[in-house]
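Chemist: Below you will find the structure I want to go over with you.
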Amino acid sequence: MKHLKHLFENNLDWADARKEEDPEYFRKLRNQQTPEYLWIGCSDSRVPANEIVGLPPGELFVHRNVANVVVHSDLNCLSVMQYAVDVLKVKHIIVCGHYGCGGIKAALDDARLGLIDNWVQHVKDIRGKHRQLLAEIEEPEAKLNRLCELNVVEQVLNVVNTTIVQDAWSRGQDLSVHGWIYSINDGVLRDLNICVDASGESKQAYQNALKSGLI
Ligand code: CO
């Protein structure tokens, strides 16, 4: 018996539709992977990376985890970044958070959910770092969304500080790091005004981004 039959049926429909649009679709895809973008986003099922930015398979290299966190000792995320930057030579790394993020909410609420609490601790550290900024916001949803933004800004800095990005810039490689946030409410992406493309720029970009909260 085939399990999850409907998913296999969906898959055949999808593959047939691609071939109908372009009989060479899979042959072309097989022969090349030259994405210009690395996407680091949340695992949330409502935030499908390729679809949001309208890019077909082959054009977006993707890493997702709970709350789009970049931890300096996370071999998984670092390996994705290293391969994307050194081998695929992506030109942009996009850290994309989203408003209403469950991982960020767990950090804000001190929720006890199990092993995941240890991962969420990285976001709690950010909450602690920006305690004053967050204390100025009374409304719970606005506070959550501000922490979603602050998390993206901090993760951009984490990306910038990796040896992978620093070494790429030392070699003169063309590489920019961006911080974006997505709204599940209206499907719209917003730029958090933290775009760093050279080693010395990150401090100023970080300060500017902290001042320019969107909500
Ligand atoms: Co999320």
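Chain labels A, B, ... are given in the sequence in which chains occur in the structure tokens; within each chain residues are numbered consecutively from 1, and ligands are likewise numbered from 1 in the order shown.
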Give me the residues of segment 12-104 of chain A that have any atom at most 9 Å from an atom of segment 110-123 of chain A; for each, the nearest atom pair and the distance in Å, rounded to one decimal. Use only C-alpha atoms, sort by chain and number, and format it as JSON lines.
Modeler:
```
{"residue": "A:Val66", "atom": "CA", "partner": "A:Val120", "partner_atom": "CA", "distance": 8.1}
{"residue": "A:Ala67", "atom": "CA", "partner": "A:Val120", "partner_atom": "CA", "distance": 7.9}
{"residue": "A:Val69", "atom": "CA", "partner": "A:His122", "partner_atom": "CA", "distance": 7.6}
{"residue": "A:Val71", "atom": "CA", "partner": "A:His122", "partner_atom": "CA", "distance": 8.0}
{"residue": "A:Gly103", "atom": "CA", "partner": "A:Val120", "partner_atom": "CA", "distance": 6.4}
{"residue": "A:Ile104", "atom": "CA", "partner": "A:Val123", "partner_atom": "CA", "distance": 6.6}
```
Chemist: So that I have them on file, write out the residues from the current selection with all heavy atoms, as a tab-separated table (two decimals), in the first residue's frame.
Modeler:
```
chain	number	residue	atom	x	y	z
A	66	VAL	N	13.53	26.97	12.62
A	66	VAL	CA	12.54	27.68	13.44
A	66	VAL	C	13.07	29.07	13.78
A	66	VAL	O	14.18	29.22	14.32
A	66	VAL	CB	12.23	26.89	14.73
A	66	VAL	CG1	11.39	27.72	15.69
A	66	VAL	CG2	11.51	25.59	14.38
A	67	ALA	N	12.34	30.08	13.40
A	67	ALA	CA	12.63	31.49	13.69
A	67	ALA	C	13.84	32.04	12.94
A	67	ALA	O	14.42	33.05	13.35
A	67	ALA	CB	12.77	31.74	15.19
A	69	VAL	N	17.08	31.50	12.52
A	69	VAL	CA	18.19	31.86	13.41
A	69	VAL	C	19.51	31.38	12.78
A	69	VAL	O	19.59	30.28	12.26
A	69	VAL	CB	17.99	31.18	14.78
A	69	VAL	CG1	19.18	31.43	15.69
A	69	VAL	CG2	16.71	31.70	15.45
A	71	VAL	N	23.10	30.55	13.95
A	71	VAL	CA	23.93	30.32	15.14
A	71	VAL	C	25.34	29.99	14.67
A	71	VAL	O	25.52	29.18	13.76
A	71	VAL	CB	23.34	29.14	15.96
A	71	VAL	CG1	24.20	28.87	17.19
A	71	VAL	CG2	21.91	29.44	16.37
A	103	GLY	N	8.01	30.79	16.75
A	103	GLY	CA	9.28	30.65	17.48
A	103	GLY	C	9.59	31.91	18.28
A	103	GLY	O	10.04	31.85	19.43
A	104	ILE	N	9.33	33.06	17.68
A	104	ILE	CA	9.59	34.33	18.35
A	104	ILE	C	8.58	34.52	19.49
A	104	ILE	O	8.94	34.99	20.58
A	104	ILE	CB	9.47	35.52	17.36
A	104	ILE	CG1	10.34	35.28	16.12
A	104	ILE	CG2	9.79	36.84	18.03
A	104	ILE	CD1	11.80	35.44	16.28
```
Chemist: Any idea what's packed within 6 Å of segment 188-199 of chain A, counting only C-alpha atoms, ignoring anything in its chain fewer than 6 positions away? Could you give it as a PDB file with N, CA, C and O atoms, in the first residue's frame?
Modeler:
```
ATOM      1  N   LEU A 175      29.032  40.105  -2.836  1.00  0.00           N
ATOM      2  CA  LEU A 175      28.078  39.427  -1.957  1.00  0.00           C
ATOM      3  C   LEU A 175      27.409  40.445  -1.030  1.00  0.00           C
ATOM      4  O   LEU A 175      28.089  41.219  -0.353  1.00  0.00           O
ATOM      5  N   SER A 176      26.078  40.450  -1.024  1.00  0.00           N
ATOM      6  CA  SER A 176      25.327  41.357  -0.139  1.00  0.00           C
ATOM      7  C   SER A 176      24.467  40.533   0.804  1.00  0.00           C
ATOM      8  O   SER A 176      23.968  39.469   0.431  1.00  0.00           O
ATOM      9  N   VAL A 177      24.280  41.057   2.014  1.00  0.00           N
ATOM     10  CA  VAL A 177      23.429  40.385   2.995  1.00  0.00           C
ATOM     11  C   VAL A 177      22.247  41.299   3.299  1.00  0.00           C
ATOM     12  O   VAL A 177      22.431  42.492   3.570  1.00  0.00           O
ATOM     13  N   HIS A 178      21.049  40.745   3.221  1.00  0.00           N
ATOM     14  CA  HIS A 178      19.824  41.546   3.359  1.00  0.00           C
ATOM     15  C   HIS A 178      18.954  41.034   4.513  1.00  0.00           C
ATOM     16  O   HIS A 178      18.951  39.838   4.802  1.00  0.00           O
ATOM     17  N   GLY A 179      18.184  41.941   5.115  1.00  0.00           N
ATOM     18  CA  GLY A 179      17.219  41.558   6.142  1.00  0.00           C
ATOM     19  C   GLY A 179      15.815  41.948   5.715  1.00  0.00           C
ATOM     20  O   GLY A 179      15.524  43.134   5.524  1.00  0.00           O
ATOM     21  N   TRP A 180      14.957  40.957   5.564  1.00  0.00           N
ATOM     22  CA  TRP A 180      13.575  41.191   5.111  1.00  0.00           C
ATOM     23  C   TRP A 180      12.601  40.587   6.105  1.00  0.00           C
ATOM     24  O   TRP A 180      12.949  39.713   6.892  1.00  0.00           O
ATOM     25  N   ILE A 181      11.356  41.054   6.010  1.00  0.00           N
ATOM     26  CA  ILE A 181      10.310  40.430   6.821  1.00  0.00           C
ATOM     27  C   ILE A 181       9.037  40.288   5.989  1.00  0.00           C
ATOM     28  O   ILE A 181       8.721  41.153   5.156  1.00  0.00           O
ATOM     29  N   TYR A 182       8.345  39.188   6.223  1.00  0.00           N
ATOM     30  CA  TYR A 182       7.165  38.836   5.428  1.00  0.00           C
ATOM     31  C   TYR A 182       5.940  38.888   6.321  1.00  0.00           C
ATOM     32  O   TYR A 182       5.986  38.482   7.481  1.00  0.00           O
ATOM     33  N   ALA A 205      24.899  49.956   9.444  1.00  0.00           N
ATOM     34  CA  ALA A 205      23.655  49.370   8.921  1.00  0.00           C
ATOM     35  C   ALA A 205      22.808  48.838  10.077  1.00  0.00           C
ATOM     36  O   ALA A 205      21.582  48.998  10.092  1.00  0.00           O
ATOM     37  N   ALA A 209      19.119  50.168  11.111  1.00  0.00           N
ATOM     38  CA  ALA A 209      17.979  49.236  11.088  1.00  0.00           C
ATOM     39  C   ALA A 209      17.245  49.246  12.415  1.00  0.00           C
ATOM     40  O   ALA A 209      16.009  49.149  12.454  1.00  0.00           O
TER      41      ALA A 209
END
```
Chemist: Name all residues at most 9 Å from segment 165-173 of chain A (count only C-alpha atoms; drop same-chain ones fewer than 5 positions away) and give them as a list in words.
Modeler: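 So, after excluding close chain neighbours, the residues are Met81, Gln82, Val85, Asp86, Lys89, Lys91, Val159, Val160, Asp197, Ala198 and Ser199 of chain A.
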Chemist: For ligand 1, collect every residue having any atom at a distance of at most 8 Å from a ligand atom (counting only C-alpha atoms and all ligand atoms); output as a list in words.
Modeler: Cys42, Ser43, Asp44, Val66, Ala67, Asn68, Gly97, His98, Tyr99, Gly100, Cys101, Gly102, Gly103 and Ile104 of chain A
Chemist: For N, CA, C and O atoms, I'd like the residues from the last selection saved as a short mmCIF file (atom, residue, chain, number, x, y, z; two decimals), in the first residue's frame.
Modeler:
```cif
data_model
loop_
_atom_site.label_atom_id
_atom_site.label_comp_id
_atom_site.auth_asym_id
_atom_site.auth_seq_id
_atom_site.Cartn_x
_atom_site.Cartn_y
_atom_site.Cartn_z
N CYS A 42 12.22 31.08 7.99
CA CYS A 42 11.61 30.27 9.04
C CYS A 42 10.99 29.01 8.43
O CYS A 42 10.56 29.00 7.28
N SER A 43 10.93 27.95 9.24
CA SER A 43 10.34 26.68 8.80
C SER A 43 8.83 26.76 8.65
O SER A 43 8.21 25.84 8.09
N ASP A 44 8.22 27.82 9.14
CA ASP A 44 6.76 27.99 9.12
C ASP A 44 6.16 27.62 7.76
O ASP A 44 6.60 28.13 6.72
N VAL A 66 13.53 26.97 12.62
CA VAL A 66 12.54 27.68 13.44
C VAL A 66 13.07 29.07 13.78
O VAL A 66 14.18 29.22 14.32
N ALA A 67 12.34 30.08 13.40
CA ALA A 67 12.63 31.49 13.69
C ALA A 67 13.84 32.04 12.94
O ALA A 67 14.42 33.05 13.35
N ASN A 68 14.21 31.39 11.82
CA ASN A 68 15.32 31.89 10.97
C ASN A 68 16.49 32.42 11.78
O ASN A 68 16.85 33.59 11.71
N GLY A 97 12.51 36.96 7.99
CA GLY A 97 11.63 36.56 9.08
C GLY A 97 10.19 36.77 8.68
O GLY A 97 9.89 37.12 7.53
N HIS A 98 9.30 36.55 9.61
CA HIS A 98 7.89 36.87 9.32
C HIS A 98 7.19 37.30 10.60
O HIS A 98 7.53 36.84 11.69
N TYR A 99 6.24 38.18 10.43
CA TYR A 99 5.44 38.65 11.57
C TYR A 99 4.61 37.49 12.10
O TYR A 99 4.25 36.57 11.35
N GLY A 100 4.33 37.52 13.39
CA GLY A 100 3.52 36.47 14.00
C GLY A 100 4.25 35.13 14.11
O GLY A 100 3.61 34.09 14.20
N CYS A 101 5.57 35.16 14.11
CA CYS A 101 6.36 33.91 14.12
C CYS A 101 6.18 33.16 15.45
O CYS A 101 6.36 33.74 16.53
N GLY A 102 5.84 31.88 15.36
CA GLY A 102 5.61 31.07 16.56
C GLY A 102 6.87 30.90 17.40
O GLY A 102 6.79 30.88 18.63
N GLY A 103 8.01 30.79 16.75
CA GLY A 103 9.28 30.65 17.48
C GLY A 103 9.59 31.91 18.28
O GLY A 103 10.04 31.85 19.43
N ILE A 104 9.33 33.06 17.68
CA ILE A 104 9.59 34.33 18.35
C ILE A 104 8.58 34.52 19.49
O ILE A 104 8.94 34.99 20.58
#
```
Chemist: Write out as a ChimeraX atom specification all residues of segment 27-172 of chain A that backbone DSSP assigns to strand (DSSP E or B).
Modeler: /A:37-42,60-65,92-98
Chemist: I want to know what sits within 12 Å of Ala135 of chain A, based on only C-alpha atoms, with residues of the same chain fewer than 6 positions away left out; could you give that as a list in words?
Modeler: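 In the requested form, the answer reads Leu108, Arg127, Gly128, Lys129, Ala142, Lys143, Leu144, Arg146 and Leu147 of chain A.
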Chemist: Give me the residues within 10 Å of segment 31-34 of chain A as a ChimeraX atom specification, counting only C-alpha atoms and dropping any in the same chain fewer than 2 places off.
Modeler: /A:26-29,36-37,57-61,84,87-90
Chemist: What would the file look like if the residues just selected were written as a short mmCIF file (atom, residue, chain, number, x, y, z; two decimals), in the first residue's frame with all heavy atoms?
Modeler:
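Writing the result to selection-v7.cif gives the following:
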```
data_model
loop_
_atom_site.label_atom_id
_atom_site.label_comp_id
_atom_site.auth_asym_id
_atom_site.auth_seq_id
_atom_site.Cartn_x
_atom_site.Cartn_y
_atom_site.Cartn_z
N PHE A 26 12.72 19.67 -17.21
CA PHE A 26 13.55 18.92 -16.27
C PHE A 26 14.97 18.68 -16.80
O PHE A 26 15.91 18.60 -16.04
CB PHE A 26 12.87 17.60 -15.88
CG PHE A 26 11.67 17.84 -15.00
CD1 PHE A 26 10.38 17.75 -15.51
CD2 PHE A 26 11.83 18.23 -13.67
CE1 PHE A 26 9.28 18.02 -14.71
CE2 PHE A 26 10.73 18.50 -12.87
CZ PHE A 26 9.45 18.40 -13.38
N ARG A 27 15.11 18.60 -18.10
CA ARG A 27 16.45 18.43 -18.67
C ARG A 27 17.29 19.68 -18.38
O ARG A 27 18.42 19.60 -17.96
CB ARG A 27 16.38 18.19 -20.19
CG ARG A 27 17.69 17.68 -20.79
CD ARG A 27 17.65 17.66 -22.32
NE ARG A 27 17.43 18.98 -22.90
CZ ARG A 27 18.36 19.92 -23.00
NH1 ARG A 27 19.59 19.69 -22.59
NH2 ARG A 27 18.07 21.10 -23.51
N LYS A 28 16.66 20.85 -18.56
CA LYS A 28 17.38 22.11 -18.29
C LYS A 28 17.74 22.22 -16.82
O LYS A 28 18.83 22.64 -16.46
CB LYS A 28 16.50 23.31 -18.69
CG LYS A 28 16.40 23.54 -20.17
CD LYS A 28 15.71 24.88 -20.42
CE LYS A 28 14.73 24.81 -21.56
NZ LYS A 28 13.73 25.88 -21.54
N LEU A 29 16.79 21.85 -15.96
CA LEU A 29 16.99 21.96 -14.52
C LEU A 29 18.10 21.02 -14.06
O LEU A 29 18.90 21.35 -13.19
CB LEU A 29 15.68 21.61 -13.80
CG LEU A 29 15.39 22.27 -12.46
CD1 LEU A 29 15.51 23.78 -12.53
CD2 LEU A 29 13.98 21.90 -12.01
N GLU A 36 21.23 32.80 -7.68
CA GLU A 36 21.93 34.02 -7.24
C GLU A 36 21.65 34.34 -5.79
O GLU A 36 22.25 35.23 -5.22
CB GLU A 36 21.46 35.21 -8.09
CG GLU A 36 22.05 35.21 -9.47
CD GLU A 36 21.87 36.55 -10.16
OE1 GLU A 36 21.52 37.54 -9.49
OE2 GLU A 36 22.08 36.59 -11.37
N TYR A 37 20.68 33.62 -5.22
CA TYR A 37 20.22 34.00 -3.89
C TYR A 37 20.24 32.81 -2.92
O TYR A 37 19.85 31.71 -3.29
CB TYR A 37 18.77 34.49 -3.95
CG TYR A 37 18.48 35.41 -5.10
CD1 TYR A 37 17.96 34.91 -6.28
CD2 TYR A 37 18.74 36.78 -5.00
CE1 TYR A 37 17.69 35.74 -7.36
CE2 TYR A 37 18.47 37.62 -6.07
CZ TYR A 37 17.94 37.10 -7.25
OH TYR A 37 17.69 37.92 -8.31
N PRO A 57 12.06 26.61 -9.31
CA PRO A 57 13.16 25.76 -8.85
C PRO A 57 14.44 26.09 -9.62
O PRO A 57 14.39 26.40 -10.80
CB PRO A 57 12.69 24.34 -9.18
CG PRO A 57 11.20 24.43 -9.18
CD PRO A 57 10.89 25.81 -9.70
N GLY A 58 15.57 26.05 -8.90
CA GLY A 58 16.85 26.32 -9.55
C GLY A 58 17.37 27.73 -9.32
O GLY A 58 18.52 28.03 -9.59
N GLU A 59 16.51 28.61 -8.79
CA GLU A 59 16.95 30.01 -8.67
C GLU A 59 17.09 30.50 -7.24
O GLU A 59 17.51 31.64 -7.00
CB GLU A 59 15.99 30.91 -9.46
CG GLU A 59 16.05 30.58 -10.94
CD GLU A 59 15.40 31.62 -11.81
OE1 GLU A 59 15.16 32.73 -11.33
OE2 GLU A 59 15.10 31.27 -12.97
N LEU A 60 16.70 29.68 -6.27
CA LEU A 60 16.80 30.10 -4.87
C LEU A 60 17.35 28.94 -4.06
O LEU A 60 16.77 27.85 -4.05
CB LEU A 60 15.40 30.49 -4.37
CG LEU A 60 15.26 31.23 -3.04
CD1 LEU A 60 15.83 32.64 -3.15
CD2 LEU A 60 13.79 31.29 -2.61
N PHE A 61 18.49 29.16 -3.41
CA PHE A 61 19.05 28.14 -2.53
C PHE A 61 18.48 28.43 -1.14
O PHE A 61 18.48 29.58 -0.71
CB PHE A 61 20.58 28.26 -2.53
CG PHE A 61 21.30 27.01 -2.13
CD1 PHE A 61 21.16 25.85 -2.87
CD2 PHE A 61 22.14 26.98 -1.02
CE1 PHE A 61 21.83 24.68 -2.51
CE2 PHE A 61 22.82 25.83 -0.66
CZ PHE A 61 22.67 24.68 -1.40
N ALA A 84 26.83 27.68 -0.60
CA ALA A 84 26.17 28.72 -1.42
C ALA A 84 27.16 29.81 -1.84
O ALA A 84 27.15 30.25 -2.99
CB ALA A 84 25.00 29.33 -0.64
N VAL A 87 30.85 27.78 -3.48
CA VAL A 87 30.71 26.90 -4.65
C VAL A 87 29.69 27.46 -5.64
O VAL A 87 29.99 27.63 -6.82
CB VAL A 87 30.31 25.46 -4.20
CG1 VAL A 87 30.20 24.54 -5.42
CG2 VAL A 87 31.33 24.91 -3.20
N LEU A 88 28.49 27.79 -5.15
CA LEU A 88 27.46 28.30 -6.06
C LEU A 88 27.68 29.78 -6.40
O LEU A 88 27.16 30.27 -7.38
CB LEU A 88 26.07 28.12 -5.44
CG LEU A 88 25.61 26.68 -5.21
CD1 LEU A 88 24.28 26.67 -4.47
CD2 LEU A 88 25.49 25.92 -6.53
N LYS A 89 28.43 30.45 -5.54
CA LYS A 89 28.73 31.88 -5.72
C LYS A 89 27.47 32.74 -5.81
O LYS A 89 27.31 33.56 -6.73
CB LYS A 89 29.62 32.09 -6.96
CG LYS A 89 30.95 31.30 -6.90
CD LYS A 89 32.12 32.22 -7.07
CE LYS A 89 33.50 31.63 -6.89
NZ LYS A 89 33.70 30.42 -6.16
N VAL A 90 26.58 32.53 -4.84
CA VAL A 90 25.39 33.39 -4.78
C VAL A 90 25.83 34.84 -4.56
O VAL A 90 26.88 35.09 -3.97
CB VAL A 90 24.41 32.96 -3.65
CG1 VAL A 90 23.85 31.58 -3.89
CG2 VAL A 90 25.05 33.07 -2.27
#
```
Chemist: Nearest to Asn185 of chain A among A:Ile164, A:His6, A:Val47, A:Ala107, with distances taken over only C-alpha atoms: which residue is it?
Modeler: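 Under the stated criterion, the closest residue is A:Val47.
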Chemist: Excluding segment 74-79 of chain A and residues on its chain fewer than 6 positions from it, collect all residues at most 9 Å away from it, counting only C-alpha atoms, and give them as a short mmCIF file (atom, residue, chain, number, x, y, z; two decimals) with C-alpha atoms, in the first residue's frame.
Modeler:
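Saved the output as result.cif:
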```cif
data_model
loop_
_atom_site.label_atom_id
_atom_site.label_comp_id
_atom_site.auth_asym_id
_atom_site.auth_seq_id
_atom_site.Cartn_x
_atom_site.Cartn_y
_atom_site.Cartn_z
CA ILE A 40 17.54 31.84 5.23
CA HIS A 63 17.87 27.04 4.40
CA ARG A 64 15.00 27.13 6.86
CA ASN A 65 14.81 26.60 10.61
CA THR A 162 30.76 34.42 9.80
CA ILE A 164 32.30 32.55 5.20
#
```
Chemist: Work out how far atom CA of Val62 of chain A is from atom CA of Cys148 of chain A, in Å to one decimal.
Modeler: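 Going from atom CA of Cys148 of chain A over to atom CA of Val62 of chain A, I get 19.6 Å.
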Chemist: Give the answer as one residue: which of A:Pro35, A:Gly41, A:Val70, A:Pro48 has the shortest atom-to-atom distance to Tyr83 of chain A, using only C-alpha atoms?
Modeler: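 Once distances to Tyr83 of chain A are computed over only C-alpha atoms, the minimum belongs to A:Pro35.
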Chemist: Pull the helix (DSSP H, G or I) assignments for segment 30-89 of chain A out of DSSP run on the backbone, and list those residues as a CSV table (one decimal) with N, CA, C and O atoms, in the first residue's frame.
Modeler:
```csv
chain,number,residue,atom,x,y,z
A,30,ARG,N,18.2,19.9,-14.7
A,30,ARG,CA,19.1,18.8,-14.3
A,30,ARG,C,20.6,19.3,-14.6
A,30,ARG,O,21.5,19.1,-13.9
A,31,ASN,N,20.7,20.1,-15.6
A,31,ASN,CA,22.0,20.5,-16.1
A,31,ASN,C,22.6,21.7,-15.4
A,31,ASN,O,23.7,22.1,-15.6
A,49,ALA,N,9.3,29.9,0.6
A,49,ALA,CA,10.3,30.8,0.1
A,49,ALA,C,10.2,31.1,-1.4
A,49,ALA,O,10.0,32.3,-1.8
A,50,ASN,N,10.2,30.1,-2.3
A,50,ASN,CA,10.2,30.3,-3.7
A,50,ASN,C,9.0,31.0,-4.2
A,50,ASN,O,9.0,31.9,-5.0
A,51,GLU,N,7.8,30.6,-3.6
A,51,GLU,CA,6.5,31.2,-4.0
A,51,GLU,C,6.4,32.7,-3.7
A,51,GLU,O,6.0,33.5,-4.5
A,52,ILE,N,6.9,33.1,-2.5
A,52,ILE,CA,6.8,34.5,-2.1
A,52,ILE,C,7.5,35.4,-3.1
A,52,ILE,O,7.0,36.5,-3.3
A,75,LEU,N,26.4,23.7,12.4
A,75,LEU,CA,27.1,23.2,11.2
A,75,LEU,C,26.2,23.1,10.0
A,75,LEU,O,26.6,23.2,8.9
A,76,ASN,N,24.9,22.8,10.3
A,76,ASN,CA,23.9,22.7,9.2
A,76,ASN,C,23.8,24.0,8.4
A,76,ASN,O,24.1,24.1,7.2
A,77,CYS,N,23.5,25.1,9.1
A,77,CYS,CA,23.3,26.4,8.5
A,77,CYS,C,24.7,26.9,7.9
A,77,CYS,O,24.7,27.4,6.7
A,78,LEU,N,25.8,26.7,8.6
A,78,LEU,CA,27.1,27.2,8.1
A,78,LEU,C,27.4,26.4,6.8
A,78,LEU,O,28.0,27.0,5.9
A,79,SER,N,27.1,25.1,6.8
A,79,SER,CA,27.5,24.3,5.6
A,79,SER,C,26.7,24.8,4.4
A,79,SER,O,27.2,24.9,3.3
A,80,VAL,N,25.4,25.1,4.6
A,80,VAL,CA,24.6,25.7,3.5
A,80,VAL,C,25.2,27.0,3.0
A,80,VAL,O,25.3,27.2,1.8
A,81,MET,N,25.5,27.8,4.0
A,81,MET,CA,26.1,29.1,3.6
A,81,MET,C,27.4,29.0,2.9
A,81,MET,O,27.7,29.6,1.8
A,82,GLN,N,28.3,28.1,3.4
A,82,GLN,CA,29.6,27.9,2.8
A,82,GLN,C,29.5,27.4,1.3
A,82,GLN,O,30.1,27.9,0.4
A,83,TYR,N,28.6,26.4,1.1
A,83,TYR,CA,28.4,25.9,-0.2
A,83,TYR,C,27.8,26.9,-1.1
A,83,TYR,O,28.2,27.1,-2.3
A,84,ALA,N,26.8,27.7,-0.6
A,84,ALA,CA,26.2,28.7,-1.4
A,84,ALA,C,27.2,29.8,-1.8
A,84,ALA,O,27.2,30.2,-3.0
A,85,VAL,N,28.0,30.2,-0.9
A,85,VAL,CA,28.9,31.4,-1.2
A,85,VAL,C,30.1,30.9,-2.0
A,85,VAL,O,30.5,31.5,-3.0
A,86,ASP,N,30.8,29.8,-1.5
A,86,ASP,CA,32.0,29.4,-2.1
A,86,ASP,C,31.9,28.6,-3.4
A,86,ASP,O,32.7,28.7,-4.3
A,87,VAL,N,30.8,27.8,-3.5
A,87,VAL,CA,30.7,26.9,-4.6
A,87,VAL,C,29.7,27.5,-5.6
A,87,VAL,O,30.0,27.6,-6.8
```
Chemist: Just to confirm, what's the straight-line distance from atom CA of Leu133 of chain A to atom CA of Arg46 of chain A in Å (one decimal)?
Modeler: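 One can read the atom CA of Leu133 of chain A to atom CA of Arg46 of chain A distance as 28.1 Å.
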